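Source file: query16.tsv; contents: TSV, C-alpha atoms.
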```tsv
chain	number	residue	atom	x	y	z
H	1	MET	CA	0.00	0.00	0.00
H	2	THR	CA	1.13	3.56	-0.65
H	3	GLU	CA	2.77	4.80	2.57
H	4	GLN	CA	1.51	8.36	2.16
H	5	PRO	CA	-1.69	9.23	0.30
H	6	VAL	CA	-1.13	10.68	-3.15
H	7	PRO	CA	-2.74	14.13	-3.28
H	8	PHE	CA	-5.69	14.79	-5.53
H	9	ARG	CA	-4.79	16.36	-8.85
H	10	GLN	CA	-8.13	15.96	-10.64
H	11	PHE	CA	-11.05	17.92	-9.23
H	12	ILE	CA	-14.36	16.99	-10.88
H	13	ILE	CA	-16.90	19.68	-10.06
H	14	LYS	CA	-20.60	19.07	-10.63
H	15	THR	CA	-21.63	22.54	-11.68
H	16	HIS	CA	-25.03	21.20	-12.74
H	17	GLY	CA	-26.62	17.97	-11.59
H	18	ARG	CA	-29.24	17.56	-14.29
H	19	CYS	CA	-28.99	16.74	-17.99
H	20	ASN	CA	-30.92	17.93	-21.02
H	21	LEU	CA	-30.62	14.43	-22.49
H	22	ALA	CA	-32.13	11.13	-21.36
H	23	CYS	CA	-29.70	8.60	-22.81
H	24	THR	CA	-31.30	5.20	-22.42
H	25	TYR	CA	-28.14	3.55	-21.05
H	26	CYS	CA	-26.99	6.29	-18.64
H	27	TYR	CA	-25.57	4.66	-15.49
H	28	LEU	CA	-25.91	7.90	-13.55
H	29	TYR	CA	-29.60	8.68	-14.09
H	30	GLU	CA	-30.85	5.21	-15.00
H	31	GLY	CA	-28.62	3.23	-12.63
H	32	PRO	CA	-29.07	2.04	-9.04
H	33	ASP	CA	-27.98	5.28	-7.30
H	34	HIS	CA	-30.70	7.94	-7.25
H	35	GLY	CA	-28.90	10.39	-4.98
H	36	TRP	CA	-29.01	13.04	-7.69
H	37	ARG	CA	-32.77	13.40	-7.18
H	38	THR	CA	-32.35	14.97	-3.72
H	39	ARG	CA	-29.49	17.32	-4.60
H	40	PRO	CA	-29.80	20.87	-5.93
H	41	ALA	CA	-29.99	21.08	-9.69
H	42	ALA	CA	-27.05	23.48	-9.81
H	43	ALA	CA	-24.16	24.26	-7.50
H	44	SER	CA	-24.76	27.49	-5.59
H	45	ALA	CA	-22.36	30.42	-5.44
H	46	ASP	CA	-21.48	29.39	-1.87
H	47	VAL	CA	-20.64	25.83	-2.93
H	48	LEU	CA	-18.46	27.02	-5.78
H	49	ASP	CA	-16.70	29.61	-3.63
H	50	ARG	CA	-15.95	27.10	-0.91
H	51	THR	CA	-14.84	24.52	-3.46
H	52	ALA	CA	-12.38	26.98	-4.99
H	53	ALA	CA	-10.98	27.67	-1.52
H	54	ARG	CA	-10.63	23.95	-0.75
H	55	ILE	CA	-8.85	23.27	-4.05
H	56	ALA	CA	-6.42	26.10	-3.37
H	57	GLU	CA	-5.88	24.81	0.17
H	58	HIS	CA	-5.04	21.34	-1.17
H	59	ALA	CA	-2.74	22.72	-3.86
H	60	ARG	CA	-0.89	24.78	-1.26
H	61	ALA	CA	-0.59	21.93	1.25
H	62	HIS	CA	0.92	19.60	-1.34
H	63	ALA	CA	2.85	22.17	-3.40
H	64	LEU	CA	1.04	21.07	-6.56
H	65	GLY	CA	2.64	22.32	-9.76
H	66	ASP	CA	-0.53	21.69	-11.72
H	67	LEU	CA	-4.02	20.29	-11.37
H	68	ALA	CA	-6.99	19.41	-13.57
H	69	LEU	CA	-10.31	21.16	-13.07
H	70	VAL	CA	-13.10	19.17	-14.75
H	71	LEU	CA	-16.43	20.99	-15.03
H	72	HIS	CA	-18.98	18.21	-15.11
H	73	GLY	CA	-22.61	17.24	-14.69
H	74	GLY	CA	-25.20	16.26	-15.72
H	75	GLU	CA	-24.74	18.76	-18.46
H	76	PRO	CA	-22.50	21.55	-17.12
H	77	LEU	CA	-23.49	24.04	-19.82
H	78	LEU	CA	-26.98	24.16	-18.29
H	79	SER	CA	-25.22	26.47	-15.82
H	80	GLY	CA	-24.18	28.75	-18.68
H	81	ALA	CA	-20.69	29.46	-19.95
H	82	GLY	CA	-20.25	32.62	-17.87
H	83	PRO	CA	-20.53	30.94	-14.45
H	84	LEU	CA	-18.11	28.22	-15.56
H	85	ALA	CA	-15.61	30.86	-16.64
H	86	ARG	CA	-15.98	32.85	-13.40
H	87	PHE	CA	-15.52	29.73	-11.25
H	88	THR	CA	-12.41	28.74	-13.19
H	89	ASP	CA	-11.01	32.25	-12.80
H	90	ARG	CA	-11.69	32.04	-9.07
H	91	VAL	CA	-9.77	28.77	-8.74
H	92	ARG	CA	-6.83	30.16	-10.72
H	93	ALA	CA	-6.77	33.30	-8.58
H	94	ARG	CA	-6.64	31.29	-5.35
H	95	VAL	CA	-4.17	28.52	-6.07
H	96	PRO	CA	-0.53	29.26	-5.24
H	97	ALA	CA	1.61	31.05	-7.79
H	98	GLY	CA	3.16	28.52	-10.13
H	99	CYS	CA	0.26	26.06	-9.93
H	100	ALA	CA	-1.21	25.62	-13.42
H	101	VAL	CA	-4.95	24.92	-13.60
H	102	HIS	CA	-5.90	22.86	-16.67
H	103	ALA	CA	-9.64	23.38	-17.05
H	104	VAL	CA	-11.99	21.35	-19.25
H	105	VAL	CA	-15.75	21.15	-19.54
H	106	GLN	CA	-17.21	17.72	-20.37
H	107	THR	CA	-20.39	18.26	-22.38
H	108	ASN	CA	-22.79	16.35	-24.62
H	109	GLY	CA	-22.20	19.09	-27.19
H	110	THR	CA	-25.84	20.02	-27.78
H	111	LEU	CA	-25.62	23.43	-26.07
H	112	LEU	CA	-22.41	24.59	-27.73
H	113	THR	CA	-22.69	27.88	-29.61
H	114	ALA	CA	-20.11	30.29	-30.95
H	115	ALA	CA	-20.89	32.73	-28.15
H	116	ARG	CA	-20.51	30.11	-25.41
H	117	LEU	CA	-17.34	28.74	-26.95
H	118	GLY	CA	-15.93	32.25	-27.10
H	119	VAL	CA	-16.50	32.65	-23.37
H	120	LEU	CA	-14.97	29.27	-22.59
H	121	ALA	CA	-11.97	29.90	-24.81
H	122	GLY	CA	-11.45	33.31	-23.23
H	123	ALA	CA	-11.32	31.64	-19.81
H	124	GLY	CA	-8.87	28.97	-20.98
H	125	ILE	CA	-11.42	26.17	-20.65
H	126	ARG	CA	-11.07	23.34	-23.14
H	127	VAL	CA	-14.07	21.34	-24.38
H	128	GLY	CA	-14.50	17.58	-24.21
H	129	ILE	CA	-17.53	16.09	-25.95
H	130	SER	CA	-19.31	12.82	-25.15
H	131	LEU	CA	-20.58	10.96	-28.23
H	132	ASP	CA	-21.20	7.34	-29.16
H	133	GLY	CA	-19.75	7.73	-32.64
H	134	GLY	CA	-19.66	10.17	-35.52
H	135	THR	CA	-23.02	9.46	-37.15
H	136	ALA	CA	-26.69	9.71	-36.26
H	137	ALA	CA	-26.98	5.90	-36.26
H	138	HIS	CA	-24.24	5.61	-33.65
H	139	ASN	CA	-26.01	8.05	-31.35
H	140	ARG	CA	-29.55	6.70	-31.61
H	141	ARG	CA	-29.71	6.06	-27.83
H	142	ARG	CA	-28.71	9.64	-27.01
H	143	VAL	CA	-32.12	11.31	-26.99
H	144	ASP	CA	-33.68	14.21	-25.12
H	145	HIS	CA	-36.45	13.90	-22.55
H	146	ALA	CA	-39.07	13.93	-25.31
H	147	GLY	CA	-37.32	11.09	-27.14
H	148	ARG	CA	-35.96	13.33	-29.90
H	149	PRO	CA	-32.47	12.63	-31.29
H	150	SER	CA	-29.62	14.74	-29.94
H	151	TRP	CA	-27.27	14.09	-32.85
H	152	PRO	CA	-28.08	17.14	-35.02
H	153	ALA	CA	-27.29	19.57	-32.20
H	154	ALA	CA	-24.32	17.54	-30.92
H	155	ALA	CA	-22.81	17.28	-34.42
H	156	ARG	CA	-23.18	21.05	-34.92
H	157	GLY	CA	-21.43	21.63	-31.61
H	158	ALA	CA	-18.54	19.26	-32.37
H	159	ARG	CA	-17.97	20.76	-35.81
H	160	LEU	CA	-18.14	24.27	-34.42
H	161	VAL	CA	-15.36	23.50	-31.95
H	162	ALA	CA	-13.23	21.84	-34.64
H	163	ASP	CA	-13.77	24.62	-37.19
H	164	ARG	CA	-13.61	27.77	-35.10
H	165	PHE	CA	-12.05	26.87	-31.73
H	166	PRO	CA	-9.56	24.08	-32.47
H	167	ALA	CA	-7.22	25.19	-29.67
H	168	SER	CA	-10.09	24.63	-27.21
H	169	TYR	CA	-10.93	21.14	-28.47
H	170	ALA	CA	-9.95	18.60	-25.81
H	171	GLY	CA	-11.37	15.57	-27.61
H	172	VAL	CA	-14.23	13.07	-27.70
H	173	LEU	CA	-15.24	10.49	-25.12
H	174	THR	CA	-16.94	7.37	-26.52
H	175	VAL	CA	-18.36	4.33	-24.73
H	176	VAL	CA	-17.59	1.10	-26.57
H	177	ASP	CA	-20.62	-0.59	-28.13
H	178	PRO	CA	-19.70	-4.02	-29.54
H	179	ALA	CA	-22.89	-3.98	-31.62
H	180	LEU	CA	-21.36	-1.22	-33.77
H	181	ASP	CA	-18.68	-1.84	-36.36
H	182	PRO	CA	-15.42	-0.88	-34.60
H	183	VAL	CA	-13.48	0.53	-37.55
H	184	GLU	CA	-16.50	2.37	-38.94
H	185	THR	CA	-17.13	3.90	-35.52
H	186	TYR	CA	-13.50	4.96	-35.15
H	187	GLU	CA	-13.31	6.49	-38.61
H	188	SER	CA	-16.59	8.35	-38.10
H	189	LEU	CA	-15.10	9.91	-34.99
H	190	LEU	CA	-11.95	10.86	-36.90
H	191	ALA	CA	-14.20	12.86	-39.22
H	192	LEU	CA	-15.04	15.13	-36.27
H	193	ARG	CA	-11.30	15.97	-36.04
H	194	PRO	CA	-10.79	15.46	-32.30
H	195	PRO	CA	-7.22	15.78	-31.03
H	196	ALA	CA	-7.85	12.89	-28.63
H	197	LEU	CA	-10.25	10.00	-28.10
H	198	ASP	CA	-11.20	8.27	-24.87
H	199	LEU	CA	-12.62	4.80	-25.49
H	200	LEU	CA	-14.40	3.62	-22.35
H	201	LEU	CA	-15.87	0.25	-21.54
H	202	PRO	CA	-19.50	0.52	-20.37
H	203	HIS	CA	-19.86	0.47	-16.61
H	204	GLY	CA	-20.92	-2.95	-15.44
H	205	ASN	CA	-19.86	-5.50	-12.84
H	206	TRP	CA	-20.29	-9.13	-11.86
H	207	SER	CA	-23.75	-8.50	-10.36
H	208	ALA	CA	-24.94	-6.20	-13.17
H	209	PRO	CA	-22.96	-7.33	-16.24
H	210	PRO	CA	-22.40	-4.96	-19.15
H	211	PRO	CA	-24.72	-5.34	-22.15
H	212	GLY	CA	-24.12	-8.25	-24.46
H	213	ARG	CA	-21.15	-9.57	-22.53
H	214	THR	CA	-20.24	-12.91	-24.05
H	215	GLY	CA	-16.72	-14.17	-24.71
H	216	VAL	CA	-14.35	-11.32	-25.55
H	217	ARG	CA	-16.59	-9.12	-27.68
H	218	TYR	CA	-15.31	-5.92	-26.09
H	219	GLY	CA	-11.72	-7.08	-26.35
H	220	ASP	CA	-12.15	-7.95	-30.02
H	221	TRP	CA	-13.69	-4.52	-30.66
H	222	LEU	CA	-10.75	-2.74	-29.05
H	223	CYS	CA	-8.25	-4.89	-30.96
H	224	ALA	CA	-9.88	-4.02	-34.29
H	225	VAL	CA	-9.71	-0.30	-33.56
H	226	PHE	CA	-6.15	-0.59	-32.26
H	227	ASP	CA	-5.05	-2.26	-35.50
H	228	ARG	CA	-6.63	0.53	-37.56
H	229	TRP	CA	-4.97	3.17	-35.34
H	230	TRP	CA	-1.60	1.37	-35.30
H	231	ALA	CA	-1.51	0.75	-39.06
H	232	ALA	CA	-2.15	4.38	-39.97
H	233	GLY	CA	1.58	5.06	-40.02
H	234	ARG	CA	1.06	8.37	-38.26
H	235	ARG	CA	-0.81	9.48	-35.17
H	236	GLU	CA	-4.18	10.54	-36.58
H	237	VAL	CA	-5.52	11.04	-33.08
H	238	ARG	CA	-4.39	10.32	-29.54
H	239	VAL	CA	-6.27	7.36	-28.08
H	240	ARG	CA	-5.56	7.38	-24.38
H	241	LEU	CA	-6.30	3.71	-23.73
H	242	PHE	CA	-3.98	2.64	-26.55
H	243	GLU	CA	-1.16	4.98	-25.57
H	244	GLU	CA	-1.37	3.93	-21.93
H	245	CYS	CA	-1.30	0.24	-22.84
H	246	VAL	CA	1.74	0.69	-25.09
H	247	ALA	CA	3.55	2.75	-22.44
H	248	LEU	CA	2.88	0.19	-19.71
H	249	LEU	CA	4.02	-2.69	-21.91
H	250	LEU	CA	7.24	-0.78	-22.56
H	251	GLY	CA	7.77	-0.27	-18.84
H	252	LEU	CA	6.96	3.43	-18.97
H	253	PRO	CA	4.73	5.23	-16.46
H	254	ALA	CA	1.09	5.77	-17.35
H	255	ALA	CA	-1.63	7.19	-15.15
H	256	GLY	CA	-5.18	6.21	-15.98
H	257	GLU	CA	-8.28	4.69	-14.47
H	258	ALA	CA	-8.61	1.81	-16.93
H	259	LEU	CA	-5.12	0.29	-16.80
H	260	GLY	CA	-2.04	0.17	-14.60
H	261	LEU	CA	-1.36	0.42	-10.89
H	262	ALA	CA	-0.82	4.17	-10.53
H	263	PRO	CA	-2.64	5.61	-7.47
H	264	PHE	CA	-5.94	7.20	-8.46
H	265	ASP	CA	-5.99	10.95	-7.83
H	266	ALA	CA	-9.49	12.20	-8.71
H	267	VAL	CA	-12.21	13.52	-6.42
H	268	VAL	CA	-15.74	14.82	-7.04
H	269	VAL	CA	-17.63	17.75	-5.55
H	270	GLU	CA	-21.39	17.42	-5.95
H	271	THR	CA	-23.85	20.29	-6.43
H	272	ASP	CA	-24.57	20.42	-2.69
H	273	GLY	CA	-20.87	20.53	-1.80
H	274	SER	CA	-20.58	16.83	-0.91
H	275	ILE	CA	-17.13	15.36	-1.49
H	276	GLU	CA	-17.48	12.04	-3.28
H	277	GLN	CA	-15.51	9.41	-5.09
H	278	VAL	CA	-15.91	9.24	-8.85
H	279	ASP	CA	-19.35	8.71	-10.39
H	280	SER	CA	-18.51	5.35	-11.94
H	281	LEU	CA	-18.90	3.76	-8.49
H	282	LYS	CA	-22.59	4.69	-8.59
H	283	SER	CA	-23.03	1.94	-11.17
H	284	ALA	CA	-22.34	-0.61	-8.41
H	285	TYR	CA	-24.88	0.21	-5.70
H	286	PRO	CA	-26.58	3.22	-4.07
H	287	GLY	CA	-24.17	5.30	-1.99
H	288	ALA	CA	-21.02	3.60	-3.29
H	289	ALA	CA	-19.37	6.95	-4.08
H	290	GLU	CA	-20.31	8.69	-0.82
H	291	THR	CA	-17.71	9.72	1.77
H	292	GLY	CA	-19.86	11.62	4.29
H	293	LEU	CA	-17.67	14.69	3.76
H	294	ASP	CA	-18.36	18.12	2.29
H	295	VAL	CA	-16.39	21.21	1.32
H	296	PHE	CA	-17.89	23.32	4.11
H	297	ARG	CA	-16.71	21.13	7.00
H	298	HIS	CA	-13.89	19.02	5.58
H	299	THR	CA	-10.64	19.33	3.69
H	300	PHE	CA	-9.63	17.25	0.70
H	301	ASP	CA	-6.90	15.76	2.88
H	302	GLU	CA	-9.65	14.25	5.01
H	303	ALA	CA	-11.10	12.71	1.84
H	304	LEU	CA	-7.68	11.18	1.10
H	305	ARG	CA	-8.02	9.21	4.35
H	306	HIS	CA	-11.41	7.77	3.42
H	307	PRO	CA	-11.19	3.93	3.12
H	308	GLY	CA	-12.61	3.97	-0.40
H	309	VAL	CA	-10.04	6.48	-1.59
H	310	ALA	CA	-7.26	4.59	0.19
H	311	ALA	CA	-8.28	1.40	-1.63
H	312	ARG	CA	-7.98	3.21	-4.97
H	313	GLN	CA	-4.42	4.19	-4.04
H	314	ALA	CA	-3.29	0.85	-2.62
H	315	GLY	CA	-2.11	-0.62	-5.92
H	316	ALA	CA	-1.78	-4.41	-6.07
H	317	ALA	CA	-2.51	-4.76	-2.36
H	318	ALA	CA	-6.19	-3.96	-3.01
H	319	LEU	CA	-6.57	-6.55	-5.77
H	320	ALA	CA	-7.90	-10.08	-5.74
H	321	GLY	CA	-5.43	-12.95	-5.43
H	322	GLN	CA	-6.04	-13.95	-9.05
H	323	CYS	CA	-4.99	-10.46	-10.16
H	324	ARG	CA	-1.88	-10.33	-7.98
H	325	ALA	CA	-0.73	-13.66	-9.44
H	326	CYS	CA	-1.45	-12.62	-13.03
H	327	PRO	CA	1.47	-11.95	-15.43
H	328	LEU	CA	-0.49	-9.01	-16.87
H	329	LEU	CA	-0.81	-7.33	-13.47
H	330	ARG	CA	1.52	-4.40	-14.08
H	331	VAL	CA	-0.27	-3.47	-17.31
H	332	CYS	CA	-3.87	-4.38	-16.49
H	333	GLY	CA	-3.80	-3.23	-12.88
H	334	GLY	CA	-7.03	-5.13	-12.26
H	335	GLY	CA	-8.96	-2.95	-14.69
H	336	HIS	CA	-11.38	-0.21	-13.77
H	337	TYR	CA	-12.25	-0.29	-10.07
H	338	ALA	CA	-16.03	-0.09	-10.60
H	339	HIS	CA	-15.94	-3.09	-12.91
H	340	ARG	CA	-14.65	-5.36	-10.13
H	341	TYR	CA	-17.74	-5.17	-7.93
H	342	ARG	CA	-19.73	-8.24	-6.93
H	343	ALA	CA	-22.63	-7.96	-4.48
H	344	GLY	CA	-21.65	-9.46	-1.14
H	345	HIS	CA	-17.96	-9.50	-2.06
H	346	GLY	CA	-17.18	-5.83	-2.65
H	347	PHE	CA	-14.53	-4.71	-5.13
H	348	ARG	CA	-11.82	-7.27	-4.39
H	349	ASN	CA	-12.48	-9.25	-7.56
H	350	PRO	CA	-11.01	-9.30	-11.06
H	351	SER	CA	-12.69	-7.01	-13.55
H	352	VAL	CA	-15.86	-8.24	-15.19
H	353	TYR	CA	-13.88	-7.45	-18.36
H	354	CYS	CA	-10.96	-9.68	-17.33
H	355	ALA	CA	-11.05	-11.80	-20.51
H	356	ASP	CA	-11.50	-8.73	-22.71
H	357	LEU	CA	-8.56	-6.93	-21.11
H	358	GLU	CA	-6.37	-10.01	-21.48
H	359	ARG	CA	-7.32	-10.27	-25.15
H	360	PHE	CA	-6.57	-6.59	-25.77
H	361	ILE	CA	-3.29	-6.38	-23.84
H	362	ARG	CA	-1.86	-9.52	-25.40
H	363	HIS	CA	-2.84	-8.25	-28.84
H	364	VAL	CA	-1.07	-4.93	-28.28
H	365	ALA	CA	1.99	-6.77	-26.90
H	366	GLU	CA	2.15	-8.89	-30.04
H	367	ARG	CA	1.93	-5.82	-32.27
H	368	LEU	CA	4.82	-4.28	-30.33
H	369	ARG	CA	6.84	-7.48	-30.64
H	370	LEU	CA	6.33	-7.61	-34.40
H	371	ALA	CA	7.32	-3.95	-34.64
H	372	GLY	CA	10.53	-4.63	-32.75
H	373	GLY	CA	9.33	-3.04	-29.52
H	374	ALA	CA	10.87	-3.81	-26.17
H	375	ALA	CA	7.80	-5.53	-24.75
H	376	PRO	CA	7.72	-9.33	-25.03
H	377	ALA	CA	4.39	-11.11	-25.22
H	378	PRO	CA	3.31	-11.93	-21.64
H	379	SER	CA	3.26	-15.54	-20.56
H	380	PRO	CA	-0.07	-17.40	-20.56
H	381	LEU	CA	-2.53	-16.93	-17.73
H	382	ARG	CA	-3.56	-19.83	-15.58
H	383	GLU	CA	-6.98	-21.30	-16.12
H	384	GLY	CA	-9.80	-19.86	-14.08
H	385	SER	CA	-8.30	-16.40	-13.60
H	386	ALA	CA	-11.72	-14.78	-13.40
H	387	PRO	CA	-14.48	-15.73	-11.00
```
What is this file in structure tokens?
Amino acid sequence: MTEQPVPFRQFIIKTHGRCNLACTYCYLYEGPDHGWRTRPAAASADVLDRTAARIAEHARAHALGDLALVLHGGEPLLSGAGPLARFTDRVRARVPAGCAVHAVVQTNGTLLTAARLGVLAGAGIRVGISLDGGTAAHNRRRVDHAGRPSWPAAARGARLVADRFPASYAGVLTVVDPALDPVETYESLLALRPPALDLLLPHGNWSAPPPGRTGVRYGDWLCAVFDRWWAAGRREVRVRLFEECVALLLGLPAAGEALGLAPFDAVVVETDGSIEQVDSLKSAYPGAAETGLDVFRHTFDEALRHPGVAARQAGAAALAGQCRACPLLRVCGGGHYAHRYRAGHGFRNPSVYCADLERFIRHVAERLRLAGGAAPAPSPLREGSAP
């Protein structure tokens, strides 16, 4: 276990707790945790002011040279671009001199306009967009509360960022859907000209498996996209999952939630000021992300001492025996924490995507070997490595 807690460097702030869309698969609003229903729709001025002070306090206590400020929701642009800019300015004004604040708003793209993007760009806030692909067919499950498709507005927003505010374009976040053609999905996203792609596995666990989970469908999907990305001969786009996997196989450091053993360093502030663990835990059971702390009465250092946060920073010590004995341990890291949950057994299990991750990592290792990379193909796993 890490002897001293690793300070938070990613502060995910729920500026608005509601969404203008009603995506049919949303783990946050359609999942088991309904805590959002009893929280304020938007963070108040007092919550945001106190949050800025707590972030600055944490940065000062740990002499942080930089931190990430993620403006999140729900749909954060329901708060308006101006309040997001003013809050970001407030954080930058309060952190110690020399601490860089890298701000990004994660949006569904439907509320992006030239005027709002101008405000965000002026405040140094980059824009990340959540989409399921680059066509209307890919995004058929992303509908508004009246069941109308969100794609026309989201596509306009994504193209507006790419065309007029490219320096503010952080990238696109996409949840893997094995029912969609992997290469077609990837190339459709390339058409939106993102500088980076995040490919995320859908949140599921052993008690609530992800949709259509049979064999290694998700692993095969990732391998197909990796081959298209790898064979391009140039970096068309940064794909964080791929770059982290390659780095880890080559023995280089990589910090991410999906792979590796690096201590997790993100924390959430909800609209009422509650300090929580990341939202993905809400896909496991009601209250899984709660800490009982808030920005009015508690510091972020107190959150670092919460057992749930400590488990996220414990590395291999927090993993199941099967994972600790696995030759892929250093690269896989047990997979995403939320994907390890099993009712009655907690999170000390291999990932529900264990077979998919093995398939993907071994595939990438073989591509590196054939390319003359320094990473040998890992040795075979023992039978029965997943529960």
task: List every protein, DNA or RNA residue with an atom no more than 12 Å from (-1.4, -12.0, -9.4) in the file's coordinates, counting all atoms listed in the file, and format the result as a ChimeraX atom specification.
output: /H:315-334,349-350,381-382,385-386
Expected file: the selected residues, C-alpha atoms, as a PDB file, in the coordinates of the input:
```pdb
ATOM      1  CA  GLY H 315      -2.110  -0.620  -5.920  1.00  0.00           C
ATOM      2  CA  ALA H 316      -1.780  -4.410  -6.070  1.00  0.00           C
ATOM      3  CA  ALA H 317      -2.510  -4.760  -2.360  1.00  0.00           C
ATOM      4  CA  ALA H 318      -6.190  -3.960  -3.010  1.00  0.00           C
ATOM      5  CA  LEU H 319      -6.570  -6.550  -5.770  1.00  0.00           C
ATOM      6  CA  ALA H 320      -7.900 -10.080  -5.740  1.00  0.00           C
ATOM      7  CA  GLY H 321      -5.430 -12.950  -5.430  1.00  0.00           C
ATOM      8  CA  GLN H 322      -6.040 -13.950  -9.050  1.00  0.00           C
ATOM      9  CA  CYS H 323      -4.990 -10.460 -10.160  1.00  0.00           C
ATOM     10  CA  ARG H 324      -1.880 -10.330  -7.980  1.00  0.00           C
ATOM     11  CA  ALA H 325      -0.730 -13.660  -9.440  1.00  0.00           C
ATOM     12  CA  CYS H 326      -1.450 -12.620 -13.030  1.00  0.00           C
ATOM     13  CA  PRO H 327       1.470 -11.950 -15.430  1.00  0.00           C
ATOM     14  CA  LEU H 328      -0.490  -9.010 -16.870  1.00  0.00           C
ATOM     15  CA  LEU H 329      -0.810  -7.330 -13.470  1.00  0.00           C
ATOM     16  CA  ARG H 330       1.520  -4.400 -14.080  1.00  0.00           C
ATOM     17  CA  VAL H 331      -0.270  -3.470 -17.310  1.00  0.00           C
ATOM     18  CA  CYS H 332      -3.870  -4.380 -16.490  1.00  0.00           C
ATOM     19  CA  GLY H 333      -3.800  -3.230 -12.880  1.00  0.00           C
ATOM     20  CA  GLY H 334      -7.030  -5.130 -12.260  1.00  0.00           C
ATOM     21  CA  ASN H 349     -12.480  -9.250  -7.560  1.00  0.00           C
ATOM     22  CA  PRO H 350     -11.010  -9.300 -11.060  1.00  0.00           C
ATOM     23  CA  LEU H 381      -2.530 -16.930 -17.730  1.00  0.00           C
ATOM     24  CA  ARG H 382      -3.560 -19.830 -15.580  1.00  0.00           C
ATOM     25  CA  SER H 385      -8.300 -16.400 -13.600  1.00  0.00           C
ATOM     26  CA  ALA H 386     -11.720 -14.780 -13.400  1.00  0.00           C
TER      27      ALA H 386
END
```
List every residue of range 27-122 of chain H that has an atom at most 12 Å from any atom of range 253-270 of chain H, and for each one report the closest atom pair and its distance in Å to one decimal, counting all atoms listed in the file, with rows sorted by chain and then by increasing residue number, as CSV.
```
residue,atom,partner,partner_atom,distance
H:Gly35,CA,H:Glu270,CA,10.3
H:Trp36,CA,H:Glu270,CA,9.0
H:Thr38,CA,H:Glu270,CA,11.4
H:Arg39,CA,H:Glu270,CA,8.2
H:Pro40,CA,H:Glu270,CA,9.1
H:Ala41,CA,H:Glu270,CA,10.1
H:Ala42,CA,H:Glu270,CA,9.1
H:Ala43,CA,H:Glu270,CA,7.5
H:Ser44,CA,H:Glu270,CA,10.6
H:Val47,CA,H:Glu270,CA,9.0
H:Leu48,CA,H:Val269,CA,9.3
H:Arg50,CA,H:Val269,CA,10.6
H:Thr51,CA,H:Val269,CA,7.6
H:Ala52,CA,H:Val269,CA,10.6
H:Arg54,CA,H:Val269,CA,10.5
H:Ile55,CA,H:Val269,CA,10.5
H:His58,CA,H:Val267,CA,11.8
H:Leu67,CA,H:Ala266,CA,10.1
H:Ala68,CA,H:Ala266,CA,9.0
H:Leu69,CA,H:Ala266,CA,10.0
H:Val70,CA,H:Val268,CA,9.2
H:Leu71,CA,H:Val269,CA,10.1
H:His72,CA,H:Val268,CA,9.3
H:Gly73,CA,H:Glu270,CA,8.8
H:Gly74,CA,H:Glu270,CA,10.6
H:Pro76,CA,H:Glu270,CA,12.0
```
task: Find the spatial neighbours of Ala303 in chain H, counting all atoms listed in the file, within a cut-off of 10 Å - ignore same-chain residues fewer than 2 positions away - and output them as a list of chain:residue names.
output: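 The filter keeps H:Pro7, H:Phe8, H:Val267, H:Ile275, H:Glu276, H:Gln277, H:Thr291, H:Gly292, H:Leu293, H:Asp294, H:His298, H:Thr299, H:Phe300, H:Asp301, H:Arg305, H:His306, H:Pro307, H:Gly308, H:Val309, H:Ala310.
For the set H:Glu75, H:Glu187, H:Asp66, H:Asp46, the residue with the smallest atom-to-atom gap to Arg9 in chain H is H:Asp66, counting all atoms listed in the file.
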task: Up to 8 Å from (-15.8, 0.1, -9.0) in the file's coordinates: name the residues, counting only C-alpha atoms, as a ChimeraX atom specification.
output: /H:205,280-281,283-284,336-341,347
Residue nearest Tyr169 in chain H - candidates H:Val127, H:Val143, H:Ala85, H:Ala121, atoms counted: only C-alpha atoms: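 Closest to Tyr169 in chain H of all the choices is H:Val127.
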query: CA of Trp221 in chain H and CA of Glu358 in chain H, how far apart in Å?
result: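 Taking CA of Glu358 in chain H as the start and CA of Trp221 in chain H as the end point, the length is 13.0 Å.
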Would you give me, as a tab-separated table, each residue of range 8-44 of chain H having an atom within 10 Å of an atom of range 89-113 of chain H, along with its shortest atom pair and that distance in Å to one decimal, using all atoms listed in the file and sorting by chain and residue number?
```
residue	atom	partner	partner_atom	distance
H:Arg9	CA	H:Val101	CA	9.8
H:Gln10	CA	H:His102	CA	9.4
H:Phe11	CA	H:Ala103	CA	9.6
H:Ile12	CA	H:Val105	CA	9.7
H:Ile13	CA	H:Val105	CA	9.7
H:Thr15	CA	H:Val105	CA	9.9
H:Cys19	CA	H:Asn108	CA	9.1
H:Asn20	CA	H:Thr110	CA	8.7
H:Leu21	CA	H:Asn108	CA	8.3
```
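Interatomic distance, CA of Gly17 in chain H against CA of Asp49 in chain H: 17.2 Å.
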Test item: residues at most 10 Å from Trp230 in chain H, all atoms listed in the file, excluding those fewer than 3 positions along its chain, as a ChimeraX atom specification: /H:224-227,233-236,242,364,367-368
query: How many Å lie between CA of Leu248 in chain H and CA of Arg228 in chain H, rounded to one decimal?
result: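 Result for CA of Leu248 in chain H versus CA of Arg228 in chain H: 20.2 Å, one decimal.
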task: Compare H:Ala170, H:Leu249, H:Ala59, H:Ala114 by their minimum atom-to-atom distance to Glu366 in chain H, counting only C-alpha atoms, and give me the closest one.
output: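 Nearest candidate to Glu366 in chain H out of H:Ala170, H:Leu249, H:Ala59, H:Ala114: H:Leu249.
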- request: Choose the residue, out of H:Pro195, H:Gly118, H:Gly372, H:Pro5, that has the smallest atom-to-atom separation from Val239 in chain H; count only C-alpha atoms.
  value: H:Pro195
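Distances here use all atoms listed in the file; by that measure, the residue among H:Gly128, H:Trp206, H:Asp272, H:Asp181 closest to Gly344 in chain H is H:Trp206.
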